[in-house]
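Visitor: The structure's right below; bear with me while I get my questions together.
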There are 2 protein chains.
Amino acid sequence: MTGESRLYAQYNRGVPELRKDPITGRWVIISTERARRPDDFRRQHFSRKGGFCPFCPGSETKTPPEVLAYRANGNGAANGPGWSVRVVPNKFPALGIEGNLDRRGEGLYDNMNGVGAHEVIVASPDHNSSFASMPTKQIEEVLWAFRDRIMDLKRDKRFRYILIFKNHGEAAGASNDHPHCQLIALPIVPTSVQSELDGSKHYWNMKERCIYCDIIRQEQAENSRIVSESHDLITLAPYAPRFPFETWIVPKHHLASFEDSGKQVFESLAKAISQLTARADQVLEMPAYNLLIHTAPINTRDENLQDYYHWHVEFMPALTKVAGFEWGTGFYINPTPPEEAARCLREAVLV
Amino acid sequence: MTGESRLYAQYNRGVPELRKDPITGRWVIISTERARRPDDFRRQHFSRKGGFCPFCPGSETKTPPEVLAYRANGNGAANGPGWSVRVVPNKFPALGIEGNLDRRGEGLYDNMNGVGAHEVIVASPDHNSSFASMPTKQIEEVLWAFRDRIMDLKRDKRFRYILIFKNHGEAAGASNDHPHCQLIALPIVPTSVQSELDGSKHYWNMKERCIYCDIIRQEQAENSRIVSESHDLITLAPYAPRFPFETWIVPKHHLASFEDSGKQVFESLAKAISQLTARADQVLEMPAYNLLIHTAPINTRDENLQDYYHWHVEFMPALTKVAGFEWGTGFYINPTPPEEAARCLREAVLV
């Protein structure tokens with residue numbers, strides 16, 4: 001300890017902890033010095049705005065034509081009402097669907113065309129519903145729509161990754177209150193998925209075991225970060241979460257790709273998402289949140305991929321602002337120990 | 001292209017571009033479909049709140065005792081007024097200064113004590129000043145304070161990295177309007193710095209050249225992303241920026257560690273920071289922003305570190321919300337091509 005350092009040792013009232021995510025190697029400060037209980041957050045609540053909604057039944061012509069819709073018993077025609085889930089291209093896509101990748105260098109830089117798909121999955125005809133309030137059966141239909149779109153898009157050999165995510169609430173990036181999710185098909189594997197792939201491959205090469213499966217076993221043995229568990233899935237606060245109340249839903253039976261899951265797993269996942277978002281709504285008072293699926297890349301030649309990677313859902317409520325420190329370092333300060341977050345979510349009374 | 005994909009090709013009005021950061025390998029979508037000009041952003045302006053400020057002269061007893069202060073000609077006593085720059089421990093530190101690292105495993109998890117330093121550099125006695133408005137000489141004093149604190153803290157062998165950053169404005173994470181910066185000394189090298197180190201080391205191993213030096217040469221030759229240039233520094237929009245108007249200040253003479261810079265570089269850097277923040281204030285109407293220094297790790301045995309790494313400053317205005325897509329993938333959508341950002345900043349008229 002340096003001279004000056006000694007001066008302020010007296011201001012240190014507790015021992016923060018540094019924890020390393022075993023998959024990506026990312027370190028996180030679990031800082032018990034700062035706000036930590038649900039009541040302590042400057043919360044970014046979900047709130048509804050009014051105005052015209054292009055995702056409501058009757059407004060089908062205000063979106064690009066649907067690429068998929070579920071209509072019970074031929075209930076209505078394409079691009080009219082009567083659907084339960086409807087998938088349309090994003091009207092303002094981040095990527096364009098046409099053209100070749102046209103990979104090229106510019107001196108030491110690398111560049112390619114922004115080719116990809118960007119779609120919106122309208123998750124319910126009911127504007128005022130949410131994953132926490134809609135019937136579990138409705139969420140299950142949304143999951144089937146995810147699968148059907150993945151199955152279609154993975155035939156396009158230009159794509160390497162399909163990301164599905166939900167922004168709920170303005171603070172989490174949603175520009176429309178109507179329950180919806182987004183899908184982006186990308187010609188590259190994004191860096192943070194790549195770091196999960198690298199980490200889990202490294203582990204498999206050492207041990208010939210899946211790191212996610214090992215995590216499940218250790219979490220079941222310790223039983224301090226589990227929120228809930230069913231036959232098929234475990235909902236848990238990860239050991240080294242980046243964000244307060246970050247929660248993962250992980251299938252208990254090893255599987256690399258979300259879309260290869262069986263009907264029973266989709267049923268269980270619908271229930272797990274319903275319960276997790278309802279628990280968060282209760283504990284954190286209707287937070288804005290991001291929810292996303294991490295699944296294996298597509299159109300890859302990596303033979304061991306099916307062995308070492310393990311799909312899962314990540315849930316992140318928007319409770320704190322991410323500032324310079326996190327951007328600069330990729331190093332996160334989380335004021336809520338995951339054991340405490342899991343306890344709060346576990347003890348929420350579901351009505 | 002799949003059948004459904006073809007349906008919405010008509011909605012694709014422009015070719016977005018995928019660009020790869022040559023250092024970290026991070027891909028970015030430059031999406032010209034979306035908001036892109038300065039006027040198009042939902043801006044997160046800097047605005048002042050009132051109330052008591054513990055960083056103002058006369059309130060020195062409201063902070064932990066200072067670890068460093070510059071007082072001209074013995075102007076006043078320690079922990080009283082009369083200083084031009086003052087460094088104090090953060091009253092609510094994310095890390096604690098006392099104790100051993102005590103590295104340990106918990107099954108497959110890794111854990112250590114959250115040992116580190118967390119300090120506040122009060123950048124001026126004038127509550128209402130900012131980097132854009134204060135005299136360049138004052139910024140230079142702040143840079144000397146950074147250096148002095150780094151020189152002291154790097155003698156502590158527990159630390160591997162010292163991060164210096166500034167959150168300006170509430171939207172960028174600042175909780176106090178008084179101009180100040182923060183310093184965190186860490187016992188680990190954070191992941192995003194590590195990915196710069198890995199990338200630049202890989203490049204050096206291939207070519208025995210510094211990738212940052214090569215980037216400077218290519219940028220000077222292309223001359224499309226340079227904001228300004230002096231004898232010592234170049235201010236530029238990087239080829240694959242994560243954020244609109246992200247800007248880097250890079251020393252033109254190779255050097256791995258910020259604190260090893262000479263007096264002339266500190267003078268030039270003070271001027272470059274003053275000008276860049278003034279340009280941003282004009283073009284983006286007083287944005288909130290994060291500014292940070294990426295410098296080499298300390299207490300490392302990597303012999304080539306001084307050859308392959310190159311310190312620099314990163315500046316990121318808070319213009320857009322980061323949502324699920326970015327968190328889930330580490331893959332960024334940036335609506336402003338860096339060539340356009342550089343042009344806007346370059347053309348700003350400095351008063």
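Residue numbering restarts at 1 for every chain of the structure tokens, chains are lettered A, B, ... in their displayed order, and ligands are numbered from 1 as they appear.
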Please give chain A as a CSV table (one decimal) with C-alpha atoms, in the first residue's frame, after it has been superposed on chain B by least squares over all Cα atoms paired in order.

Guide:
```
chain,number,residue,atom,x,y,z
A,1,MET,CA,-32.3,-15.6,-50.4
A,2,THR,CA,-35.2,-17.5,-48.9
A,3,GLY,CA,-38.8,-17.2,-50.1
A,4,GLU,CA,-40.0,-14.9,-47.3
A,5,SER,CA,-36.8,-12.9,-47.5
A,6,ARG,CA,-37.5,-11.9,-51.0
A,7,LEU,CA,-40.8,-10.4,-50.0
A,8,TYR,CA,-39.3,-7.5,-48.2
A,9,ALA,CA,-36.3,-6.7,-50.3
A,10,GLN,CA,-38.2,-3.7,-51.5
A,11,TYR,CA,-38.0,-2.2,-48.1
A,12,ASN,CA,-34.3,-2.0,-48.2
A,13,ARG,CA,-33.4,1.5,-49.3
A,14,GLY,CA,-29.6,1.8,-49.1
A,15,VAL,CA,-26.7,-0.4,-48.4
A,16,PRO,CA,-25.6,-0.5,-44.8
A,17,GLU,CA,-22.0,-1.4,-44.3
A,18,LEU,CA,-20.3,-3.9,-41.9
A,19,ARG,CA,-16.9,-2.6,-40.7
A,20,LYS,CA,-14.4,-4.5,-38.5
A,21,ASP,CA,-12.3,-2.7,-35.9
A,22,PRO,CA,-8.8,-3.8,-36.9
A,23,ILE,CA,-7.5,-3.9,-33.3
A,24,THR,CA,-10.2,-5.8,-31.4
A,25,GLY,CA,-11.9,-7.6,-34.3
A,26,ARG,CA,-15.2,-6.1,-33.3
A,27,TRP,CA,-17.8,-5.7,-36.1
A,28,VAL,CA,-20.0,-2.6,-36.3
A,29,ILE,CA,-23.0,-1.9,-38.6
A,30,ILE,CA,-22.8,1.5,-40.1
A,31,SER,CA,-26.5,1.9,-40.8
A,32,THR,CA,-27.2,4.8,-43.1
A,33,GLU,CA,-30.9,3.9,-43.0
A,34,ARG,CA,-31.5,5.4,-39.6
A,35,ALA,CA,-30.9,8.7,-37.9
A,36,ARG,CA,-27.5,10.0,-38.8
A,37,ARG,CA,-27.1,13.7,-38.8
A,38,PRO,CA,-26.4,15.6,-35.6
A,39,ASP,CA,-30.0,17.0,-35.7
A,40,ASP,CA,-31.5,13.5,-35.8
A,41,PHE,CA,-30.5,12.3,-32.3
A,42,ARG,CA,-32.6,12.2,-29.2
A,43,ARG,CA,-29.9,14.1,-27.5
A,44,GLN,CA,-28.9,13.6,-23.8
A,45,HIS,CA,-27.8,17.1,-23.0
A,46,PHE,CA,-25.6,18.2,-20.2
A,47,SER,CA,-27.6,20.3,-17.8
A,48,ARG,CA,-26.8,21.7,-14.4
A,49,LYS,CA,-28.7,20.8,-11.2
A,50,GLY,CA,-28.4,23.0,-8.1
A,51,GLY,CA,-27.7,22.0,-4.5
A,52,PHE,CA,-24.7,21.5,-2.3
A,53,CYS,CA,-21.4,20.5,-3.9
A,54,PRO,CA,-18.7,18.7,-1.9
A,55,PHE,CA,-16.1,19.4,-4.6
A,56,CYS,CA,-16.4,23.2,-4.4
A,57,PRO,CA,-13.7,25.2,-2.5
A,58,GLY,CA,-14.7,25.7,1.1
A,59,SER,CA,-16.3,22.2,1.3
A,60,GLU,CA,-13.0,20.3,1.5
A,61,THR,CA,-14.0,18.7,4.8
A,62,LYS,CA,-17.0,17.0,3.1
A,63,THR,CA,-14.8,14.7,1.2
A,64,PRO,CA,-12.3,12.1,2.4
A,65,PRO,CA,-8.9,13.8,3.0
A,66,GLU,CA,-7.0,14.7,-0.2
A,67,VAL,CA,-4.3,12.3,-1.6
A,68,LEU,CA,-3.0,15.0,-3.9
A,69,ALA,CA,-3.6,18.7,-4.5
A,70,TYR,CA,-1.9,21.4,-6.5
A,71,ARG,CA,-1.6,24.8,-4.7
A,72,ALA,CA,0.4,27.6,-6.4
A,73,ASN,CA,3.2,29.0,-4.2
A,74,GLY,CA,2.0,27.3,-1.0
A,75,ASN,CA,-1.5,28.8,-1.5
A,76,GLY,CA,-3.4,27.5,1.6
A,77,ALA,CA,-3.1,24.4,3.7
A,78,ALA,CA,-4.0,20.8,2.9
A,79,ASN,CA,-7.8,20.1,2.9
A,80,GLY,CA,-8.6,23.8,2.7
A,81,PRO,CA,-9.3,26.0,-0.3
A,82,GLY,CA,-6.6,27.5,-2.6
A,83,TRP,CA,-6.0,24.4,-4.9
A,84,SER,CA,-6.3,24.3,-8.6
A,85,VAL,CA,-6.7,20.5,-8.9
A,86,ARG,CA,-7.5,18.2,-6.0
A,87,VAL,CA,-7.6,14.4,-5.7
A,88,VAL,CA,-9.6,12.6,-3.1
A,89,PRO,CA,-10.7,9.0,-2.5
A,90,ASN,CA,-14.2,8.3,-3.7
A,91,LYS,CA,-16.5,8.4,-0.7
A,92,PHE,CA,-18.4,5.4,-2.0
A,93,PRO,CA,-15.6,3.3,-3.5
A,94,ALA,CA,-16.3,0.4,-5.8
A,95,LEU,CA,-13.2,-1.3,-4.5
A,96,GLY,CA,-11.5,-1.3,-1.1
A,97,ILE,CA,-7.8,-0.3,-0.7
A,98,GLU,CA,-6.9,-2.7,2.1
A,99,GLY,CA,-6.1,-6.4,2.2
A,100,ASN,CA,-4.6,-9.1,0.1
A,101,LEU,CA,-6.1,-10.3,-3.2
A,102,ASP,CA,-6.7,-13.7,-1.7
A,103,ARG,CA,-7.4,-15.5,-5.0
A,104,ARG,CA,-9.6,-18.5,-4.6
A,105,GLY,CA,-11.8,-21.0,-6.4
A,106,GLU,CA,-15.4,-21.9,-5.6
A,107,GLY,CA,-15.8,-25.1,-7.7
A,108,LEU,CA,-15.4,-23.9,-11.2
A,109,TYR,CA,-15.7,-20.3,-10.3
A,110,ASP,CA,-12.9,-17.8,-9.6
A,111,ASN,CA,-13.0,-15.1,-6.9
A,112,MET,CA,-10.8,-12.6,-5.3
A,113,ASN,CA,-11.1,-9.7,-2.9
A,114,GLY,CA,-12.2,-6.5,-4.5
A,115,VAL,CA,-9.0,-4.7,-3.7
A,116,GLY,CA,-8.3,-1.5,-5.6
A,117,ALA,CA,-8.2,2.3,-5.4
A,118,HIS,CA,-11.1,4.5,-6.5
A,119,GLU,CA,-10.3,8.2,-6.5
A,120,VAL,CA,-11.9,11.5,-7.7
A,121,ILE,CA,-9.9,14.1,-9.5
A,122,VAL,CA,-11.6,17.4,-9.0
A,123,ALA,CA,-10.6,19.2,-12.2
A,124,SER,CA,-11.2,22.8,-11.3
A,125,PRO,CA,-12.3,24.9,-8.4
A,126,ASP,CA,-14.9,26.5,-10.7
A,127,HIS,CA,-18.1,24.5,-10.4
A,128,ASN,CA,-19.5,25.9,-13.6
A,129,SER,CA,-16.6,25.2,-15.9
A,130,SER,CA,-16.0,22.2,-18.2
A,131,PHE,CA,-13.2,20.9,-20.4
A,132,ALA,CA,-14.7,22.9,-23.2
A,133,SER,CA,-14.8,26.1,-21.3
A,134,MET,CA,-11.8,26.0,-18.8
A,135,PRO,CA,-8.4,27.3,-19.8
A,136,THR,CA,-6.2,24.8,-21.6
A,137,LYS,CA,-3.6,25.3,-18.8
A,138,GLN,CA,-6.1,24.0,-16.3
A,139,ILE,CA,-6.7,20.8,-18.3
A,140,GLU,CA,-2.9,20.4,-18.4
A,141,GLU,CA,-2.8,20.5,-14.6
A,142,VAL,CA,-5.5,17.7,-14.6
A,143,LEU,CA,-3.4,15.6,-16.9
A,144,TRP,CA,-0.4,16.1,-14.5
A,145,ALA,CA,-2.5,15.0,-11.6
A,146,PHE,CA,-3.5,11.8,-13.6
A,147,ARG,CA,0.2,11.1,-14.1
A,148,ASP,CA,1.2,11.8,-10.5
A,149,ARG,CA,-1.5,9.4,-9.2
A,150,ILE,CA,-0.5,6.7,-11.7
A,151,MET,CA,3.1,7.0,-10.7
A,152,ASP,CA,2.2,6.6,-7.0
A,153,LEU,CA,-0.3,3.8,-7.5
A,154,LYS,CA,1.8,1.7,-9.9
A,155,ARG,CA,4.2,1.1,-7.0
A,156,ASP,CA,1.5,-1.0,-5.4
A,157,LYS,CA,2.2,-4.5,-6.9
A,158,ARG,CA,-1.3,-5.7,-6.3
A,159,PHE,CA,-2.5,-3.6,-9.2
A,160,ARG,CA,-2.5,-4.5,-12.9
A,161,TYR,CA,-4.4,-1.7,-14.4
A,162,ILE,CA,-5.2,2.0,-13.8
A,163,LEU,CA,-8.3,3.3,-15.6
A,164,ILE,CA,-8.9,7.1,-15.8
A,165,PHE,CA,-12.3,8.3,-17.1
A,166,LYS,CA,-14.7,11.1,-17.0
A,167,ASN,CA,-18.5,11.0,-17.0
A,168,HIS,CA,-19.9,14.3,-18.1
A,169,GLY,CA,-23.6,14.8,-17.6
A,170,GLU,CA,-26.2,12.7,-15.9
A,171,ALA,CA,-26.9,10.7,-19.0
A,172,ALA,CA,-23.3,9.6,-19.1
A,173,GLY,CA,-23.4,8.5,-15.4
A,174,ALA,CA,-22.2,11.6,-13.6
A,175,SER,CA,-23.8,12.3,-10.3
A,176,ASN,CA,-22.2,15.7,-9.8
A,177,ASP,CA,-21.9,18.6,-12.2
A,178,HIS,CA,-18.7,19.9,-10.8
A,179,PRO,CA,-16.0,19.0,-13.4
A,180,HIS,CA,-14.3,15.9,-12.1
A,181,CYS,CA,-12.7,12.7,-13.4
A,182,GLN,CA,-12.3,9.3,-11.8
A,183,LEU,CA,-9.4,6.9,-11.3
A,184,ILE,CA,-9.8,3.2,-10.6
A,185,ALA,CA,-6.8,0.9,-9.9
A,186,LEU,CA,-7.6,-2.7,-10.5
A,187,PRO,CA,-5.9,-6.0,-9.7
A,188,ILE,CA,-6.9,-7.4,-13.1
A,189,VAL,CA,-6.6,-6.3,-16.7
A,190,PRO,CA,-10.2,-5.6,-17.8
A,191,THR,CA,-11.6,-7.5,-20.8
A,192,SER,CA,-11.9,-4.7,-23.3
A,193,VAL,CA,-8.4,-3.5,-22.7
A,194,GLN,CA,-7.3,-7.1,-22.9
A,195,SER,CA,-8.9,-7.4,-26.3
A,196,GLU,CA,-6.9,-4.3,-27.5
A,197,LEU,CA,-3.8,-5.8,-26.1
A,198,ASP,CA,-4.4,-9.2,-27.7
A,199,GLY,CA,-5.2,-7.6,-31.1
A,200,SER,CA,-2.2,-5.3,-31.1
A,201,LYS,CA,0.1,-8.0,-29.9
A,202,HIS,CA,-1.1,-10.3,-32.6
A,203,TYR,CA,-0.5,-7.6,-35.2
A,204,TRP,CA,3.0,-6.9,-33.9
A,205,ASN,CA,3.8,-10.6,-33.9
A,206,MET,CA,2.9,-10.8,-37.6
A,207,LYS,CA,4.5,-7.5,-38.8
A,208,GLU,CA,6.7,-6.2,-36.0
A,209,ARG,CA,4.8,-2.9,-36.3
A,210,CYS,CA,2.4,-1.2,-34.0
A,211,ILE,CA,-1.2,-1.3,-35.4
A,212,TYR,CA,-2.0,2.1,-34.0
A,213,CYS,CA,1.0,3.6,-35.8
A,214,ASP,CA,-0.2,1.9,-39.0
A,215,ILE,CA,-3.7,3.3,-38.5
A,216,ILE,CA,-2.3,6.8,-38.1
A,217,ARG,CA,-0.4,6.5,-41.3
A,218,GLN,CA,-3.4,5.2,-43.2
A,219,GLU,CA,-5.7,7.9,-41.8
A,220,GLN,CA,-3.2,10.6,-42.8
A,221,ALA,CA,-3.1,9.1,-46.3
A,222,GLU,CA,-6.9,8.8,-46.7
A,223,ASN,CA,-7.6,12.1,-44.8
A,224,SER,CA,-11.4,11.4,-44.5
A,225,ARG,CA,-11.8,10.7,-40.7
A,226,ILE,CA,-9.3,13.2,-39.2
A,227,VAL,CA,-10.9,15.9,-37.0
A,228,SER,CA,-7.6,17.8,-36.3
A,229,GLU,CA,-3.9,17.2,-36.0
A,230,SER,CA,-1.0,18.8,-34.2
A,231,HIS,CA,2.7,18.0,-34.1
A,232,ASP,CA,2.1,15.5,-31.3
A,233,LEU,CA,-1.5,14.2,-31.6
A,234,ILE,CA,-4.1,13.2,-34.1
A,235,THR,CA,-7.8,13.4,-33.3
A,236,LEU,CA,-9.9,11.1,-35.5
A,237,ALA,CA,-13.1,9.2,-35.9
A,238,PRO,CA,-12.1,5.5,-35.9
A,239,TYR,CA,-12.9,3.4,-39.0
A,240,ALA,CA,-15.4,1.1,-37.1
A,241,PRO,CA,-16.8,3.3,-34.3
A,242,ARG,CA,-19.3,1.7,-31.8
A,243,PHE,CA,-21.1,5.0,-31.2
A,244,PRO,CA,-22.1,8.0,-33.3
A,245,PHE,CA,-19.4,10.7,-33.0
A,246,GLU,CA,-17.0,8.4,-31.1
A,247,THR,CA,-13.6,10.0,-31.4
A,248,TRP,CA,-10.1,9.0,-30.5
A,249,ILE,CA,-7.1,11.2,-29.7
A,250,VAL,CA,-3.9,9.2,-30.5
A,251,PRO,CA,-0.3,10.3,-29.9
A,252,LYS,CA,1.7,10.4,-33.2
A,253,HIS,CA,4.9,9.2,-31.6
A,254,HIS,CA,4.7,5.6,-30.4
A,255,LEU,CA,4.3,5.2,-26.7
A,256,ALA,CA,2.6,2.4,-24.7
A,257,SER,CA,1.9,4.3,-21.4
A,258,PHE,CA,0.2,7.6,-20.9
A,259,GLU,CA,2.2,8.4,-17.9
A,260,ASP,CA,5.5,8.2,-19.8
A,261,SER,CA,4.5,11.1,-22.1
A,262,GLY,CA,6.6,14.3,-22.1
A,263,LYS,CA,5.5,17.8,-21.1
A,264,GLN,CA,4.9,18.8,-24.7
A,265,VAL,CA,2.5,15.9,-25.3
A,266,PHE,CA,0.5,16.8,-22.1
A,267,GLU,CA,0.3,20.4,-23.4
A,268,SER,CA,-0.9,19.2,-26.8
A,269,LEU,CA,-3.3,16.8,-25.2
A,270,ALA,CA,-4.8,19.5,-23.0
A,271,LYS,CA,-5.4,21.6,-26.1
A,272,ALA,CA,-6.8,18.6,-28.1
A,273,ILE,CA,-9.3,17.7,-25.3
A,274,SER,CA,-10.3,21.4,-25.0
A,275,GLN,CA,-10.9,21.6,-28.8
A,276,LEU,CA,-12.7,18.2,-29.1
A,277,THR,CA,-15.1,18.9,-26.3
A,278,ALA,CA,-15.8,22.4,-27.7
A,279,ARG,CA,-16.4,21.0,-31.1
A,280,ALA,CA,-18.8,18.4,-29.7
A,281,ASP,CA,-20.6,21.1,-27.6
A,282,GLN,CA,-21.2,23.1,-30.8
A,283,VAL,CA,-22.1,20.2,-33.2
A,284,LEU,CA,-24.2,18.2,-30.7
A,285,GLU,CA,-25.4,21.0,-28.5
A,286,MET,CA,-23.7,20.3,-25.2
A,287,PRO,CA,-23.9,16.5,-25.1
A,288,ALA,CA,-23.3,14.3,-22.1
A,289,TYR,CA,-20.2,12.2,-22.8
A,290,ASN,CA,-17.7,9.7,-21.5
A,291,LEU,CA,-14.0,10.3,-22.0
A,292,LEU,CA,-11.4,7.8,-21.0
A,293,ILE,CA,-7.7,6.9,-21.3
A,294,HIS,CA,-6.6,3.5,-22.5
A,295,THR,CA,-3.0,2.9,-21.5
A,296,ALA,CA,-0.8,-0.1,-21.0
A,297,PRO,CA,-1.2,-2.4,-18.0
A,298,ILE,CA,1.2,-2.0,-15.1
A,299,ASN,CA,3.3,-4.6,-13.2
A,300,THR,CA,3.3,-7.0,-16.1
A,301,ARG,CA,6.2,-9.1,-17.4
A,302,ASP,CA,5.2,-8.9,-21.0
A,303,GLU,CA,8.4,-7.8,-22.6
A,304,ASN,CA,7.0,-6.6,-25.9
A,305,LEU,CA,4.2,-4.6,-24.4
A,306,GLN,CA,6.1,-1.3,-24.9
A,307,ASP,CA,6.4,-2.1,-28.6
A,308,TYR,CA,2.9,-3.3,-29.5
A,309,TYR,CA,0.6,-1.2,-27.4
A,310,HIS,CA,-0.1,2.5,-27.9
A,311,TRP,CA,-2.0,4.7,-25.4
A,312,HIS,CA,-4.9,6.9,-26.5
A,313,VAL,CA,-8.0,8.7,-25.4
A,314,GLU,CA,-11.5,7.7,-26.3
A,315,PHE,CA,-14.4,10.1,-26.4
A,316,MET,CA,-18.0,8.9,-26.6
A,317,PRO,CA,-21.0,11.3,-26.6
A,318,ALA,CA,-24.2,9.9,-25.0
A,319,LEU,CA,-26.5,10.2,-28.0
A,320,THR,CA,-28.3,6.9,-28.3
A,321,LYS,CA,-29.5,4.3,-25.9
A,322,VAL,CA,-27.7,1.0,-25.9
A,323,ALA,CA,-30.3,-1.8,-25.9
A,324,GLY,CA,-30.7,-5.5,-26.0
A,325,PHE,CA,-29.1,-6.0,-29.3
A,326,GLU,CA,-25.7,-4.5,-28.2
A,327,TRP,CA,-25.7,-6.3,-24.9
A,328,GLY,CA,-26.6,-9.6,-26.4
A,329,THR,CA,-24.0,-9.5,-29.1
A,330,GLY,CA,-21.3,-7.0,-28.4
A,331,PHE,CA,-22.2,-5.9,-31.9
A,332,TYR,CA,-23.0,-2.3,-32.4
A,333,ILE,CA,-25.3,-0.4,-34.8
A,334,ASN,CA,-24.0,3.1,-35.5
A,335,PRO,CA,-26.2,5.4,-37.6
A,336,THR,CA,-23.5,7.9,-38.3
A,337,PRO,CA,-20.6,7.1,-40.7
A,338,PRO,CA,-17.3,8.2,-39.1
A,339,GLU,CA,-16.5,10.2,-42.2
A,340,GLU,CA,-19.6,12.3,-41.6
A,341,ALA,CA,-18.9,12.6,-37.9
A,342,ALA,CA,-15.3,13.8,-38.5
A,343,ARG,CA,-16.5,16.3,-41.1
A,344,CYS,CA,-19.1,17.8,-38.7
A,345,LEU,CA,-16.6,18.1,-35.9
A,346,ARG,CA,-13.8,19.4,-38.2
A,347,GLU,CA,-16.1,22.1,-39.6
A,348,ALA,CA,-17.2,23.3,-36.2
A,349,VAL,CA,-16.1,26.9,-35.7
A,350,LEU,CA,-14.2,27.3,-32.5
A,351,VAL,CA,-14.6,30.6,-30.8
```

Visitor: Among range 117-271 of chain A, which residues carry a DSSP assignment of strand (DSSP E or B), reported as a VMD selection string?

Guide: chain A and resid 117 to 122 161 to 168 180 to 186 226 to 229 233 to 236 247 to 251

Visitor: Using DSSP assignments from the backbone, pull out every residue in range 183-263 of chain B that falls under helix (DSSP H, G or I) and give it to me as a PyMOL selection string.

Guide: chain B and resi 191-207+211-222+258-260+263

Visitor: Write the residues of the selection above to a file with C-alpha atoms, as an mmCIF file, in the first residue's frame.

Guide:
```cif
data_model
loop_
_atom_site.group_PDB
_atom_site.id
_atom_site.type_symbol
_atom_site.label_atom_id
_atom_site.label_comp_id
_atom_site.auth_asym_id
_atom_site.auth_seq_id
_atom_site.Cartn_x
_atom_site.Cartn_y
_atom_site.Cartn_z
ATOM 1 C CA THR B 191 -11.582 -7.513 -20.803
ATOM 2 C CA SER B 192 -11.946 -4.716 -23.328
ATOM 3 C CA VAL B 193 -8.416 -3.460 -22.699
ATOM 4 C CA GLN B 194 -7.274 -7.076 -22.911
ATOM 5 C CA SER B 195 -8.864 -7.397 -26.336
ATOM 6 C CA GLU B 196 -6.935 -4.304 -27.510
ATOM 7 C CA LEU B 197 -3.765 -5.834 -26.060
ATOM 8 C CA ASP B 198 -4.413 -9.212 -27.700
ATOM 9 C CA GLY B 199 -5.195 -7.607 -31.051
ATOM 10 C CA SER B 200 -2.235 -5.263 -31.110
ATOM 11 C CA LYS B 201 0.125 -8.007 -29.894
ATOM 12 C CA HIS B 202 -1.095 -10.344 -32.627
ATOM 13 C CA TYR B 203 -0.467 -7.607 -35.211
ATOM 14 C CA TRP B 204 3.001 -6.915 -33.859
ATOM 15 C CA ASN B 205 3.850 -10.627 -33.919
ATOM 16 C CA MET B 206 2.859 -10.744 -37.590
ATOM 17 C CA LYS B 207 4.477 -7.513 -38.747
ATOM 18 C CA ILE B 211 -1.148 -1.307 -35.349
ATOM 19 C CA TYR B 212 -1.973 2.142 -33.970
ATOM 20 C CA CYS B 213 1.032 3.628 -35.779
ATOM 21 C CA ASP B 214 -0.145 1.932 -38.986
ATOM 22 C CA ILE B 215 -3.675 3.285 -38.453
ATOM 23 C CA ILE B 216 -2.298 6.816 -38.080
ATOM 24 C CA ARG B 217 -0.354 6.488 -41.340
ATOM 25 C CA GLN B 218 -3.392 5.150 -43.214
ATOM 26 C CA GLU B 219 -5.678 7.860 -41.778
ATOM 27 C CA GLN B 220 -3.216 10.572 -42.797
ATOM 28 C CA ALA B 221 -3.077 9.137 -46.317
ATOM 29 C CA GLU B 222 -6.881 8.814 -46.665
ATOM 30 C CA PHE B 258 0.172 7.592 -20.965
ATOM 31 C CA GLU B 259 2.245 8.445 -17.891
ATOM 32 C CA ASP B 260 5.517 8.216 -19.815
ATOM 33 C CA LYS B 263 5.536 17.769 -21.103
#
```
